[in-house]
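S.K.: Structure file data_27.pdb, PDB, C-alpha atoms and all ligand atoms, is pasted below:
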```pdb
ATOM      1  CA  MET D   1      -3.957  19.577  -9.176
ATOM      2  CA  SER D   2      -1.776  22.658  -8.855
ATOM      3  CA  PRO D   3       1.978  22.073  -8.588
ATOM      4  CA  SER D   4       2.070  24.618  -5.764
ATOM      5  CA  THR D   5       0.164  22.251  -3.446
ATOM      6  CA  ASP D   6       1.989  21.663  -0.192
ATOM      7  CA  PRO D   7       3.672  18.304   0.153
ATOM      8  CA  GLU D   8       1.211  15.865   1.646
ATOM      9  CA  VAL D   9       2.425  13.978   4.708
ATOM     10  CA  LEU D  10       0.838  10.529   4.919
ATOM     11  CA  LEU D  11       1.014   9.229   8.480
ATOM     12  CA  PRO D  12       1.373   5.479   9.038
ATOM     13  CA  ARG D  13      -1.104   3.182  10.696
ATOM     14  CA  GLU D  14      -0.017   0.062  12.563
ATOM     15  CA  VAL D  15      -1.139  -3.211  11.012
ATOM     16  CA  PRO D  16      -0.429  -6.777  12.204
ATOM     17  CA  LEU D  17       1.250  -8.750   9.425
ATOM     18  CA  GLY D  18      -0.193 -12.255   8.819
ATOM     19  CA  GLY D  19       0.211 -15.428  10.776
ATOM     20  CA  PRO D  20       0.016 -16.471  14.396
ATOM     21  CA  ARG D  21       3.132 -14.509  15.390
ATOM     22  CA  ALA D  22       1.858 -11.290  13.860
ATOM     23  CA  MET D  23       4.477  -8.586  13.543
ATOM     24  CA  LEU D  24       3.388  -4.965  13.577
ATOM     25  CA  VAL D  25       4.186  -2.931  10.495
ATOM     26  CA  ARG D  26       3.626   0.743   9.718
ATOM     27  CA  ARG D  27       1.528   1.082   6.571
ATOM     28  CA  THR D  28       1.435   4.338   4.618
ATOM     29  CA  LEU D  29       0.149   3.063   1.265
ATOM     30  CA  PRO D  30      -2.616   2.479   0.410
ATOM     31  CA  HIS D  31      -3.747   5.410   2.510
ATOM     32  CA  ARG D  32      -7.157   6.940   3.071
ATOM     33  CA  ASP D  33      -5.979   9.916   1.032
ATOM     34  CA  ARG D  34      -3.899   8.160  -1.620
ATOM     35  CA  VAL D  35      -3.831   4.811  -3.415
ATOM     36  CA  LEU D  36      -0.815   5.068  -5.693
ATOM     37  CA  ILE D  37       2.490   6.848  -6.218
ATOM     38  CA  GLY D  38       3.357   5.960  -9.795
ATOM     39  CA  ALA D  39       2.803   2.184  -9.829
ATOM     40  CA  TRP D  40       3.862   1.917  -6.164
ATOM     41  CA  CYS D  41       0.702   0.771  -4.432
ATOM     42  CA  PHE D  42       1.779  -0.605  -1.071
ATOM     43  CA  VAL D  43       4.300   0.562   1.528
ATOM     44  CA  ASP D  44       4.876  -1.357   4.760
ATOM     45  CA  HIS D  45       7.726  -0.218   6.984
ATOM     46  CA  TYR D  46       8.912  -2.134  10.021
ATOM     47  CA  GLY D  47      11.541  -2.098  12.750
ATOM     48  CA  PRO D  48      14.158  -1.785  13.931
ATOM     49  CA  ASP D  49      12.687  -4.670  15.936
ATOM     50  CA  ASP D  50      14.600  -6.773  18.426
ATOM     51  CA  VAL D  51      13.417 -10.174  17.222
ATOM     52  CA  SER D  52      14.170 -11.796  20.593
ATOM     53  CA  ALA D  53      11.307  -9.638  21.866
ATOM     54  CA  THR D  54       8.990  -9.590  18.851
ATOM     55  CA  GLY D  55       9.609 -13.066  17.416
ATOM     56  CA  GLY D  56      10.553 -11.593  14.066
ATOM     57  CA  MET D  57       8.801 -12.263  10.781
ATOM     58  CA  ASP D  58       7.005 -15.508  10.006
ATOM     59  CA  VAL D  59       4.534 -15.144   7.169
ATOM     60  CA  ALA D  60       3.214 -18.527   6.004
ATOM     61  CA  PRO D  61       2.619 -19.221   2.293
ATOM     62  CA  HIS D  62       0.110 -16.753   0.892
ATOM     63  CA  PRO D  63      -0.928 -15.792  -2.629
ATOM     64  CA  HIS D  64      -0.481 -12.730  -4.824
ATOM     65  CA  THR D  65      -1.819 -11.631  -8.218
ATOM     66  CA  GLY D  66      -1.210  -8.676 -10.531
ATOM     67  CA  LEU D  67       1.692  -7.103  -8.654
ATOM     68  CA  GLN D  68       5.420  -7.261  -7.966
ATOM     69  CA  THR D  69       6.733  -7.358  -4.404
ATOM     70  CA  VAL D  70       9.830  -5.307  -3.625
ATOM     71  CA  THR D  71      11.601  -6.360  -0.467
ATOM     72  CA  TRP D  72      14.209  -3.971   0.929
ATOM     73  CA  LEU D  73      15.906  -4.582   4.256
ATOM     74  CA  PHE D  74      17.979  -2.097   6.232
ATOM     75  CA  GLU D  75      19.013  -4.786   8.703
ATOM     76  CA  GLY D  76      18.435  -8.496   9.271
ATOM     77  CA  GLU D  77      17.859 -11.355   6.884
ATOM     78  CA  VAL D  78      14.682 -12.990   5.542
ATOM     79  CA  GLU D  79      14.289 -16.408   3.944
ATOM     80  CA  HIS D  80      12.025 -16.322   0.899
ATOM     81  CA  ARG D  81      10.441 -19.402  -0.691
ATOM     82  CA  ASP D  82       8.017 -19.230  -3.579
ATOM     83  CA  ALA D  83       5.923 -21.268  -5.987
ATOM     84  CA  GLN D  84       8.532 -20.868  -8.704
ATOM     85  CA  GLY D  85      10.871 -22.921  -6.533
ATOM     86  CA  VAL D  86      12.993 -19.909  -5.607
ATOM     87  CA  HIS D  87      14.624 -20.197  -2.196
ATOM     88  CA  ALA D  88      16.477 -16.949  -1.555
ATOM     89  CA  LEU D  89      17.985 -15.118   1.371
ATOM     90  CA  VAL D  90      16.933 -11.492   1.368
ATOM     91  CA  ARG D  91      19.789  -9.426   2.752
ATOM     92  CA  SER D  92      20.086  -5.772   3.640
ATOM     93  CA  ARG D  93      20.497  -3.343   0.736
ATOM     94  CA  GLU D  94      19.764  -6.052  -1.836
ATOM     95  CA  LEU D  95      16.702  -5.853  -4.042
ATOM     96  CA  ASN D  96      14.384  -8.821  -4.292
ATOM     97  CA  LEU D  97      11.628  -8.374  -6.828
ATOM     98  CA  MET D  98       8.969 -11.058  -7.161
ATOM     99  CA  ARG D  99       6.437 -10.953  -9.981
ATOM    100  CA  ALA D 100       3.101 -12.471  -9.071
ATOM    101  CA  GLY D 101       1.535 -11.908 -12.496
ATOM    102  CA  HIS D 102      -1.169 -14.522 -13.140
ATOM    103  CA  GLY D 103      -0.572 -15.887  -9.652
ATOM    104  CA  THR D 104       2.073 -17.053  -7.222
ATOM    105  CA  SER D 105       2.531 -17.775  -3.539
ATOM    106  CA  HIS D 106       5.426 -17.317  -1.148
ATOM    107  CA  SER D 107       6.557 -17.444   2.477
ATOM    108  CA  GLU D 108       8.827 -15.016   4.320
ATOM    109  CA  VAL D 109      10.614 -15.899   7.548
ATOM    110  CA  SER D 110      13.368 -13.983   9.316
ATOM    111  CA  THR D 111      16.429 -16.208   9.750
ATOM    112  CA  PRO D 112      17.570 -17.573  13.150
ATOM    113  CA  ASP D 113      20.711 -15.412  12.943
ATOM    114  CA  THR D 114      18.680 -12.221  12.659
ATOM    115  CA  THR D 115      18.768 -10.144  15.843
ATOM    116  CA  ILE D 116      17.407  -6.862  14.483
ATOM    117  CA  LEU D 117      14.825  -6.815  11.719
ATOM    118  CA  HIS D 118      14.310  -3.547   9.908
ATOM    119  CA  GLY D 119      13.025  -2.934   6.414
ATOM    120  CA  ALA D 120      10.218  -2.263   4.026
ATOM    121  CA  GLN D 121       7.932  -4.256   1.798
ATOM    122  CA  LEU D 122       6.579  -2.440  -1.208
ATOM    123  CA  TRP D 123       4.345  -3.491  -4.070
ATOM    124  CA  LEU D 124       4.221  -2.380  -7.658
ATOM    125  CA  VAL D 125       0.917  -2.768  -9.454
ATOM    126  CA  SER D 126       1.361  -4.459 -12.829
ATOM    127  CA  PRO D 127      -0.321  -2.677 -15.746
ATOM    128  CA  GLU D 128      -2.941  -4.386 -17.900
ATOM    129  CA  ALA D 129      -0.252  -5.435 -20.408
ATOM    130  CA  THR D 130       1.749  -7.515 -17.915
ATOM    131  CA  ARG D 131      -0.564  -8.347 -15.062
ATOM    132  CA  ASP D 132      -1.310 -11.836 -16.373
ATOM    133  CA  MET D 133       2.336 -12.762 -17.019
ATOM    134  CA  ALA D 134       3.989 -15.830 -15.514
ATOM    135  CA  ARG D 135       5.556 -15.578 -12.059
ATOM    136  CA  ASP D 136       9.183 -14.476 -11.862
ATOM    137  CA  PHE D 137      11.858 -13.511  -9.348
ATOM    138  CA  GLU D 138      14.803 -11.156  -9.679
ATOM    139  CA  HIS D 139      17.676 -10.285  -7.371
ATOM    140  CA  HIS D 140      19.924  -7.249  -7.720
ATOM    141  CA  VAL D 141      22.616  -5.758  -5.502
ATOM    142  CA  PRO D 142      22.920  -2.041  -6.276
ATOM    143  CA  GLU D 143      26.208  -0.274  -5.813
ATOM    144  CA  VAL D 144      26.285   2.445  -3.198
ATOM    145  CA  THR D 145      26.712   5.821  -4.891
ATOM    146  CA  PRO D 146      28.446   8.586  -2.917
ATOM    147  CA  LEU D 147      26.608  11.914  -2.957
ATOM    148  CA  ASP D 148      27.490  15.350  -1.685
ATOM    149  CA  GLY D 149      26.134  15.061   1.895
ATOM    150  CA  GLY D 150      25.282  11.378   1.828
ATOM    151  CA  GLU D 151      24.878   8.322  -0.376
ATOM    152  CA  ALA D 152      22.280   6.436  -2.408
ATOM    153  CA  ALA D 153      21.553   2.858  -3.422
ATOM    154  CA  VAL D 154      19.402   2.998  -6.563
ATOM    155  CA  PHE D 155      17.469  -0.250  -6.920
ATOM    156  CA  ILE D 156      14.928   0.717  -9.597
ATOM    157  CA  GLY D 157      15.112   3.373 -12.317
ATOM    158  CA  THR D 158      17.517   6.311 -12.495
ATOM    159  CA  LEU D 159      18.667   8.688  -9.763
ATOM    160  CA  ALA D 160      21.871  10.710  -9.322
ATOM    161  CA  SER D 161      23.047   9.537 -12.778
ATOM    162  CA  VAL D 162      22.846   5.892 -11.700
ATOM    163  CA  THR D 163      20.495   3.535 -13.543
ATOM    164  CA  SER D 164      19.436   0.199 -12.120
ATOM    165  CA  PRO D 165      19.510  -2.663 -14.647
ATOM    166  CA  VAL D 166      16.270  -4.042 -13.187
ATOM    167  CA  GLN D 167      13.468  -3.952 -15.756
ATOM    168  CA  VAL D 168      10.077  -2.773 -14.578
ATOM    169  CA  ASP D 169       6.772  -2.436 -16.417
ATOM    170  CA  THR D 170       6.164   1.309 -16.038
ATOM    171  CA  PRO D 171       8.573   4.270 -15.584
ATOM    172  CA  LEU D 172       9.658   4.194 -11.923
ATOM    173  CA  VAL D 173      12.341   5.089  -9.452
ATOM    174  CA  GLY D 174      13.264   3.473  -6.135
ATOM    175  CA  ALA D 175      16.312   4.225  -3.991
ATOM    176  CA  GLU D 176      17.605   4.287  -0.447
ATOM    177  CA  VAL D 177      19.139   7.671   0.362
ATOM    178  CA  ILE D 178      21.233   8.392   3.442
ATOM    179  CA  VAL D 179      21.865  11.976   4.543
ATOM    180  CA  GLU D 180      24.781  12.629   6.885
ATOM    181  CA  ALA D 181      24.074  14.328  10.215
ATOM    182  CA  GLY D 182      23.941  18.076   9.791
ATOM    183  CA  ALA D 183      24.067  17.760   6.010
ATOM    184  CA  SER D 184      21.700  17.830   3.071
ATOM    185  CA  VAL D 185      21.483  15.989  -0.228
ATOM    186  CA  THR D 186      20.011  17.487  -3.408
ATOM    187  CA  LEU D 187      18.709  15.189  -6.127
ATOM    188  CA  ALA D 188      17.331  15.935  -9.583
ATOM    189  CA  LEU D 189      13.828  14.546 -10.064
ATOM    190  CA  ASP D 190      12.048  13.459 -13.210
ATOM    191  CA  ALA D 191       9.345  16.132 -13.389
ATOM    192  CA  THR D 192       6.927  13.752 -15.129
ATOM    193  CA  PHE D 193       6.972  11.528 -12.015
ATOM    194  CA  GLU D 194       5.120  11.840  -8.757
ATOM    195  CA  HIS D 195       7.282  10.890  -5.760
ATOM    196  CA  GLY D 196       7.095   9.654  -2.213
ATOM    197  CA  VAL D 197       9.714  10.017   0.518
ATOM    198  CA  LEU D 198       9.367   7.311   3.168
ATOM    199  CA  VAL D 199      11.328   8.452   6.194
ATOM    200  CA  ASP D 200      13.081   5.547   7.877
ATOM    201  CA  ARG D 201      15.363   7.507  10.189
ATOM    202  CA  GLY D 202      14.262  11.025  10.874
ATOM    203  CA  PRO D 203      13.272  13.668  11.203
ATOM    204  CA  VAL D 204      14.261  14.575   7.675
ATOM    205  CA  THR D 205      13.358  17.909   6.143
ATOM    206  CA  VAL D 206      11.916  17.446   2.669
ATOM    207  CA  ASP D 207      12.144  20.431   0.352
ATOM    208  CA  ALA D 208      11.025  19.982  -3.229
ATOM    209  CA  GLY D 209      10.567  23.685  -3.940
ATOM    210  CA  ARG D 210       7.338  25.504  -4.806
ATOM    211  CA  SER D 211       6.122  25.261  -1.203
ATOM    212  CA  ALA D 212       7.418  25.296   2.350
ATOM    213  CA  PRO D 213       9.767  22.449   3.381
ATOM    214  CA  VAL D 214       8.260  19.810   5.658
ATOM    215  CA  ALA D 215      10.006  18.136   8.581
ATOM    216  CA  ALA D 216       8.882  14.513   8.403
ATOM    217  CA  GLU D 217       9.201  12.053  11.255
ATOM    218  CA  SER D 218      10.280   8.438  10.952
ATOM    219  CA  GLY D 219       7.515   6.281   9.482
ATOM    220  CA  SER D 220       5.768   8.988   7.497
ATOM    221  CA  LEU D 221       5.526   9.148   3.710
ATOM    222  CA  VAL D 222       5.754  12.557   2.069
ATOM    223  CA  TYR D 223       3.931  12.744  -1.264
ATOM    224  CA  LEU D 224       5.171  15.105  -3.986
ATOM    225  CA  GLU D 225       3.018  15.648  -7.064
ATOM    226  CA  PRO D 226       4.489  15.743 -10.604
ATOM    227  CA  GLY D 227       6.215  18.912 -11.755
ATOM    228  CA  ARG D 228       9.007  18.946  -9.189
ATOM    229  CA  THR D 229      12.514  19.026 -10.637
ATOM    230  CA  GLU D 230      14.659  18.918  -7.530
ATOM    231  CA  LEU D 231      14.495  17.448  -4.047
ATOM    232  CA  THR D 232      16.600  18.438  -1.053
ATOM    233  CA  LEU D 233      16.668  16.182   1.998
ATOM    234  CA  ALA D 234      18.219  17.564   5.185
ATOM    235  CA  ALA D 235      19.102  15.594   8.310
ATOM    236  CA  GLY D 236      19.073  16.947  11.853
ATOM    237  CA  PRO D 237      22.328  18.159  13.425
ATOM    238  CA  ASP D 238      23.046  15.023  15.468
ATOM    239  CA  GLU D 239      21.830  12.028  13.534
ATOM    240  CA  ALA D 240      21.984  10.862   9.955
ATOM    241  CA  GLY D 241      18.705  10.605   8.073
ATOM    242  CA  ARG D 242      17.603   7.743   5.898
ATOM    243  CA  VAL D 243      14.719   7.564   3.429
ATOM    244  CA  LEU D 244      13.365   5.423   0.657
ATOM    245  CA  LEU D 245      12.610   7.592  -2.351
ATOM    246  CA  ILE D 246       9.931   6.080  -4.587
ATOM    247  CA  GLY D 247       8.282   7.553  -7.636
ATOM    248  CA  GLY D 248       6.916   6.981 -11.064
ATOM    249  CA  GLU D 249       4.810   8.145 -13.918
ATOM    250  CA  PRO D 250       1.230   8.504 -12.702
ATOM    251  CA  PHE D 251      -0.518   5.151 -13.118
ATOM    252  CA  ASP D 252      -3.855   5.748 -14.781
ATOM    253  CA  GLU D 253      -5.608   2.389 -14.484
ATOM    254  CA  GLU D 254      -8.110   1.905 -11.707
ATOM    255  CA  ILE D 255      -7.429  -1.135  -9.559
ATOM    256  CA  VAL D 256      -9.127  -3.278  -6.984
ATOM    257  CA  MET D 257      -6.745  -4.193  -4.204
ATOM    258  CA  TRP D 258      -7.892  -6.583  -1.500
ATOM    259  CA  TRP D 259      -5.808  -8.694   0.882
ATOM    260  CA  ASN D 260      -2.896  -9.942  -1.258
ATOM    261  CA  PHE D 261      -4.606  -9.622  -4.605
ATOM    262  CA  ILE D 262      -4.739  -6.887  -7.187
ATOM    263  CA  GLY D 263      -7.346  -7.120  -9.930
ATOM    264  CA  ARG D 264      -9.647  -4.794 -11.802
ATOM    265  CA  THR D 265     -13.091  -5.859 -10.594
ATOM    266  CA  HIS D 266     -14.782  -7.249  -7.503
ATOM    267  CA  ASP D 267     -15.663 -10.434  -9.389
ATOM    268  CA  GLU D 268     -12.063 -11.024 -10.342
ATOM    269  CA  ILE D 269     -10.952 -10.694  -6.707
ATOM    270  CA  GLU D 270     -13.710 -13.066  -5.636
ATOM    271  CA  GLU D 271     -12.417 -15.601  -8.179
ATOM    272  CA  PHE D 272      -8.799 -15.241  -6.967
ATOM    273  CA  ARG D 273      -9.957 -15.763  -3.397
ATOM    274  CA  ALA D 274     -12.002 -18.836  -4.288
ATOM    275  CA  GLU D 275      -9.087 -20.346  -6.228
ATOM    276  CA  TRP D 276      -6.682 -19.796  -3.322
ATOM    277  CA  GLU D 277      -9.112 -21.377  -0.887
ATOM    278  CA  ALA D 278      -9.524 -24.333  -3.269
ATOM    279  CA  GLY D 279      -5.756 -24.822  -3.673
ATOM    280  CA  ALA D 280      -5.958 -24.066  -7.403
ATOM    281  CA  GLU D 281      -3.013 -24.377  -9.754
ATOM    282  CA  ARG D 282      -2.931 -20.590 -10.341
ATOM    283  CA  PHE D 283      -0.894 -20.101  -7.149
ATOM    284  CA  GLY D 284       1.405 -23.135  -7.387
ATOM    285  CA  ARG D 285       2.812 -24.395  -4.117
ATOM    286  CA  VAL D 286       5.589 -23.400  -1.746
ATOM    287  CA  ASP D 287       7.890 -26.232  -0.694
ATOM    288  CA  GLY D 288      10.070 -26.208   2.392
ATOM    289  CA  TYR D 289       8.125 -23.874   4.652
ATOM    290  CA  GLU D 290       8.297 -25.470   8.082
ATOM    291  CA  GLY D 291       5.932 -23.327  10.136
ATOM    292  CA  THR D 292       2.227 -23.550  10.782
ATOM    293  CA  PRO D 293      -0.215 -23.027   9.282
ATOM    294  CA  GLN D 294       1.092 -24.360   5.968
ATOM    295  CA  ARG D 295      -0.837 -21.646   4.164
ATOM    296  CA  LEU D 296      -2.640 -18.487   5.225
ATOM    297  CA  PRO D 297      -6.391 -18.712   4.737
ATOM    298  CA  ALA D 298      -7.986 -15.770   2.974
ATOM    299  CA  PRO D 299     -10.180 -13.542   5.126
ATOM    300  CA  ALA D 300     -13.885 -13.263   4.283
ATOM    301  CA  LEU D 301     -14.768 -10.749   1.609
ATOM    302  CA  PRO D 302     -16.567  -7.650   2.863
ATOM    303  CA  HIS D 303     -20.341  -7.569   2.464
ATOM    304  CA  VAL D 304     -20.135  -4.626   0.102
ATOM    305  CA  ARG D 305     -18.735  -4.909  -3.406
ATOM    306  CA  LEU D 306     -15.114  -3.799  -3.729
ATOM    307  CA  LYS D 307     -14.832  -0.629  -5.761
ATOM    308  CA  PRO D 308     -12.004   0.203  -8.138
ATOM    309  CA  ARG D 309      -9.777   3.031  -6.927
ATOM    310  CA  GLY D 310      -7.331   5.142  -8.833
ATOM    311  CA  ARG D 311      -4.690   7.751  -8.366
ATOM    312  CA  LEU D 312      -6.968  10.641  -7.649
ATOM    313  CA  ARG D 313      -8.316  11.304  -4.201
ATOM    314  CA  ARG D 314     -11.753  10.023  -3.419
ATOM    315  CA  PRO D 315     -14.237  12.901  -3.442
TER     316      PRO D 315
HETATM  317 MN    MN R 401       3.673 -11.480   0.207
END
```
Here is the file; what I need is its structure written in the form of structure tokens.
M.R.:
Amino acid sequence: MSPSTDPEVLLPREVPLGGPRAMLVRRTLPHRDRVLIGAWCFVDHYGPDDVSATGGMDVAPHPHTGLQTVTWLFEGEVEHRDAQGVHALVRSRELNLMRAGHGTSHSEVSTPDTTILHGAQLWLVSPEATRDMARDFEHHVPEVTPLDGGEAAVFIGTLASVTSPVQVDTPLVGAEVIVEAGASVTLALDATFEHGVLVDRGPVTVDAGRSAPVAAESGSLVYLEPGRTELTLAAGPDEAGRVLLIGGEPFDEEIVMWWNFIGRTHDEIEEFRAEWEAGAERFGRVDGYEGTPQRLPAPALPHVRLKPRGRLRRP
């Protein structure tokens, strides 16, 4: 792929998020045109939602394998319970990173005090070397770093000379960047990484050189291929812009991603599904979730075999 390719704007699709009180999220990854950005393999963006109108988030216990969940809130508060016995409050601008590894399960419920819910849920695919590890949970509160024209909260990797202490399995970056109204922020990029700019509050003009800048609306994800060394984000004249910048070294393994599982083959996914339905030990159990149902049943597998997908576009 030539580094002079125009930035690719991935538009979101609306997806109801689990459970009887399904909340609508805007999903940009996986996308018809792209499966991965580094090891980032899933981007759901939601809100700002008035929870008195939408009911907020109530996702009953459900399983995961072979990935890490990254929860990042702009506003509101979510109660997390998992099979490791972790009971944590997820607050705005605090990183919560849950490793599913061999298998885990968790529930996520917005707290009664939450009036506005606004955030993103992202997944990192675990490489072959770590995907069978034991479940784990990590919490980190990044400092806010002032920038010329805005500020950043770096939660994974290095950006603007700030390095997050959070250990991840492959080279990655993840940060919230705010651009003041009428201003722009310029950031150095690791040229070995591919990047994505998820626009939370826009429009934001994304200029990574080598091609024309793109004005991206809220909810869209701008993909930038490797080889870029600098990124300039510009806000409109009247309102500040806010983005999540994600990126990483291209992830070369092919994966099978279905429902809440990541594996490498159809048969492996089928096994994960069967074990979840059977209440197998792989996923442990979540204590303290008070909603119904007590666990989300897995949907039926499609009638065709799931095919591995990788970083390159499908032909
Ligand atoms: Mn989950």
S.K.: Considering all atoms listed in the file, tabulate each residue of chain D that lies at most 8 Å from ligand MN 401 (chain R) along with its nearest interatomic pair and the corresponding distance in Å to one decimal; arrange the rows by chain and ascending residue number and present them as JSON lines.
M.R.:
```
{"residue": "D:Val59", "atom": "CA", "partner": "R:MN401", "partner_atom": "MN", "distance": 7.9}
{"residue": "D:His62", "atom": "CA", "partner": "R:MN401", "partner_atom": "MN", "distance": 6.4}
{"residue": "D:Pro63", "atom": "CA", "partner": "R:MN401", "partner_atom": "MN", "distance": 6.9}
{"residue": "D:His64", "atom": "CA", "partner": "R:MN401", "partner_atom": "MN", "distance": 6.6}
{"residue": "D:Thr69", "atom": "CA", "partner": "R:MN401", "partner_atom": "MN", "distance": 6.9}
{"residue": "D:Ser105", "atom": "CA", "partner": "R:MN401", "partner_atom": "MN", "distance": 7.4}
{"residue": "D:His106", "atom": "CA", "partner": "R:MN401", "partner_atom": "MN", "distance": 6.2}
{"residue": "D:Ser107", "atom": "CA", "partner": "R:MN401", "partner_atom": "MN", "distance": 7.0}
{"residue": "D:Glu108", "atom": "CA", "partner": "R:MN401", "partner_atom": "MN", "distance": 7.5}
{"residue": "D:Asn260", "atom": "CA", "partner": "R:MN401", "partner_atom": "MN", "distance": 6.9}
```
S.K.: Can those selected residues be exported to a file as a short mmCIF file (atom, residue, chain, number, x, y, z; two decimals), keeping the file's coordinate frame so that it contains C-alpha atoms?
M.R.:
```
data_model
loop_
_atom_site.label_atom_id
_atom_site.label_comp_id
_atom_site.auth_asym_id
_atom_site.auth_seq_id
_atom_site.Cartn_x
_atom_site.Cartn_y
_atom_site.Cartn_z
CA VAL D 59 4.53 -15.14 7.17
CA HIS D 62 0.11 -16.75 0.89
CA PRO D 63 -0.93 -15.79 -2.63
CA HIS D 64 -0.48 -12.73 -4.82
CA THR D 69 6.73 -7.36 -4.40
CA SER D 105 2.53 -17.77 -3.54
CA HIS D 106 5.43 -17.32 -1.15
CA SER D 107 6.56 -17.44 2.48
CA GLU D 108 8.83 -15.02 4.32
CA ASN D 260 -2.90 -9.94 -1.26
#
```
S.K.: Considering all atoms listed in the file, return as number ranges by chain whatever protein or nucleic-acid residues lie within 9 Å of Ala120 (chain D), sequence-local ones (same chain, fewer than 2 positions apart) excluded.
M.R.: D: 25, 43-47, 70-74, 118, 122, 244
S.K.: Give me, as a PyMOL selection string, all polymer residues having an atom no more than 7 Å from region 159-175 of chain D, counting all atoms listed in the file and skipping those fewer than 2 positions away in the same chain.
M.R.: chain D and resi 38+126+152-157+177+187-188+244-249
S.K.: Rank D:Pro203, D:Gly55, D:Gly66, D:Pro250 by their smallest atom-to-atom distance to Glu268 (chain D), using all atoms listed in the file, and report the top residue only.
M.R.: D:Gly66
S.K.: Give as a PyMOL selection string every residue, naming chains and numbers as the document does, that has an atom within 12 Å of (-14.8, -9.3, 0.8), counting only C-alpha atoms.
M.R.: chain D and resi 256-259+261+266-274+298-307
S.K.: Name all residues at most 6 Å from Ala39 (chain D) (count all atoms listed in the file; drop same-chain ones fewer than 5 positions away) and give them as a VMD selection string.
M.R.: chain D and resid 124 to 125 251
S.K.: If you apply the PyMOL selection byres (((chain D and resi 141) around 10) and not hetatm) to this file, what residues do you get, as a ChimeraX atom specification?
M.R.: /D:91-96,139-140,142-144,153-155,164
S.K.: Which residues are close to region 229-240 of chain D, i.e. within 10 Å by only C-alpha atoms, leaving aside same-chain residues fewer than 3 positions away? Reply as a ChimeraX atom specification.
M.R.: /D:149-150,177-193,195,197,201-209,213-215,224,226,243
S.K.: Convert the output of the PyMOL selection byres (((chain D and resi 11) around 9) and not hetatm) on the shown file into explicit residues, formatted as a ChimeraX atom specification.
M.R.: /D:9-10,12-13,26-28,31,219-222
S.K.: Which is closer to Gln294 (chain D) than all the others in D:Ala60, D:Leu17, D:Leu29, D:Ala216, using only C-alpha atoms?
M.R.: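 Ranked by minimum distance to Gln294 (chain D), first place goes to D:Ala60.
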S.K.: Written as a ChimeraX atom specification, what is the full residue list that the PyMOL selection byres (((chain D and resi 132) around 12) and not hetatm) yields on the file shown?
M.R.: /D:64-68,99-104,125-131,133-136,262-264,282
S.K.: The selected residues should be written to file as an mmCIF file, keeping the file's coordinate frame (atoms: C-alpha atoms).
M.R.:
```cif
data_model
loop_
_atom_site.group_PDB
_atom_site.id
_atom_site.type_symbol
_atom_site.label_atom_id
_atom_site.label_comp_id
_atom_site.auth_asym_id
_atom_site.auth_seq_id
_atom_site.Cartn_x
_atom_site.Cartn_y
_atom_site.Cartn_z
ATOM 1 C CA HIS D 64 -0.481 -12.730 -4.824
ATOM 2 C CA THR D 65 -1.819 -11.631 -8.218
ATOM 3 C CA GLY D 66 -1.210 -8.676 -10.531
ATOM 4 C CA LEU D 67 1.692 -7.103 -8.654
ATOM 5 C CA GLN D 68 5.420 -7.261 -7.966
ATOM 6 C CA ARG D 99 6.437 -10.953 -9.981
ATOM 7 C CA ALA D 100 3.101 -12.471 -9.071
ATOM 8 C CA GLY D 101 1.535 -11.908 -12.496
ATOM 9 C CA HIS D 102 -1.169 -14.522 -13.140
ATOM 10 C CA GLY D 103 -0.572 -15.887 -9.652
ATOM 11 C CA THR D 104 2.073 -17.053 -7.222
ATOM 12 C CA VAL D 125 0.917 -2.768 -9.454
ATOM 13 C CA SER D 126 1.361 -4.459 -12.829
ATOM 14 C CA PRO D 127 -0.321 -2.677 -15.746
ATOM 15 C CA GLU D 128 -2.941 -4.386 -17.900
ATOM 16 C CA ALA D 129 -0.252 -5.435 -20.408
ATOM 17 C CA THR D 130 1.749 -7.515 -17.915
ATOM 18 C CA ARG D 131 -0.564 -8.347 -15.062
ATOM 19 C CA MET D 133 2.336 -12.762 -17.019
ATOM 20 C CA ALA D 134 3.989 -15.830 -15.514
ATOM 21 C CA ARG D 135 5.556 -15.578 -12.059
ATOM 22 C CA ASP D 136 9.183 -14.476 -11.862
ATOM 23 C CA ILE D 262 -4.739 -6.887 -7.187
ATOM 24 C CA GLY D 263 -7.346 -7.120 -9.930
ATOM 25 C CA ARG D 264 -9.647 -4.794 -11.802
ATOM 26 C CA ARG D 282 -2.931 -20.590 -10.341
#
```
S.K.: May I ask for the distance between CA of Glu275 (chain D) and CA of Trp123 (chain D), given in Å to one decimal place?
M.R.: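 Atom-to-atom, CA of Glu275 (chain D) to CA of Trp123 (chain D), that is 21.7 Å.
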S.K.: Generate N, CA and C atoms for region 241-245 of chain D and emit them as an mmCIF file, keeping the file's coordinate frame.
M.R.:
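Generated output (part17.cif):
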```cif
data_model
loop_
_atom_site.group_PDB
_atom_site.id
_atom_site.type_symbol
_atom_site.label_atom_id
_atom_site.label_comp_id
_atom_site.auth_asym_id
_atom_site.auth_seq_id
_atom_site.Cartn_x
_atom_site.Cartn_y
_atom_site.Cartn_z
ATOM 1 N N GLY D 241 20.060 10.924 8.494
ATOM 2 C CA GLY D 241 18.705 10.605 8.073
ATOM 3 C C GLY D 241 18.755 9.506 7.034
ATOM 4 N N ARG D 242 17.666 8.769 6.944
ATOM 5 C CA ARG D 242 17.603 7.743 5.898
ATOM 6 C C ARG D 242 16.176 7.687 5.365
ATOM 7 N N VAL D 243 16.048 7.639 4.053
ATOM 8 C CA VAL D 243 14.719 7.564 3.429
ATOM 9 C C VAL D 243 14.746 6.532 2.305
ATOM 10 N N LEU D 244 13.544 6.091 1.939
ATOM 11 C CA LEU D 244 13.365 5.423 0.657
ATOM 12 C C LEU D 244 12.644 6.429 -0.235
ATOM 13 N N LEU D 245 13.247 6.720 -1.376
ATOM 14 C CA LEU D 245 12.610 7.592 -2.351
ATOM 15 C C LEU D 245 11.961 6.704 -3.404
#
```
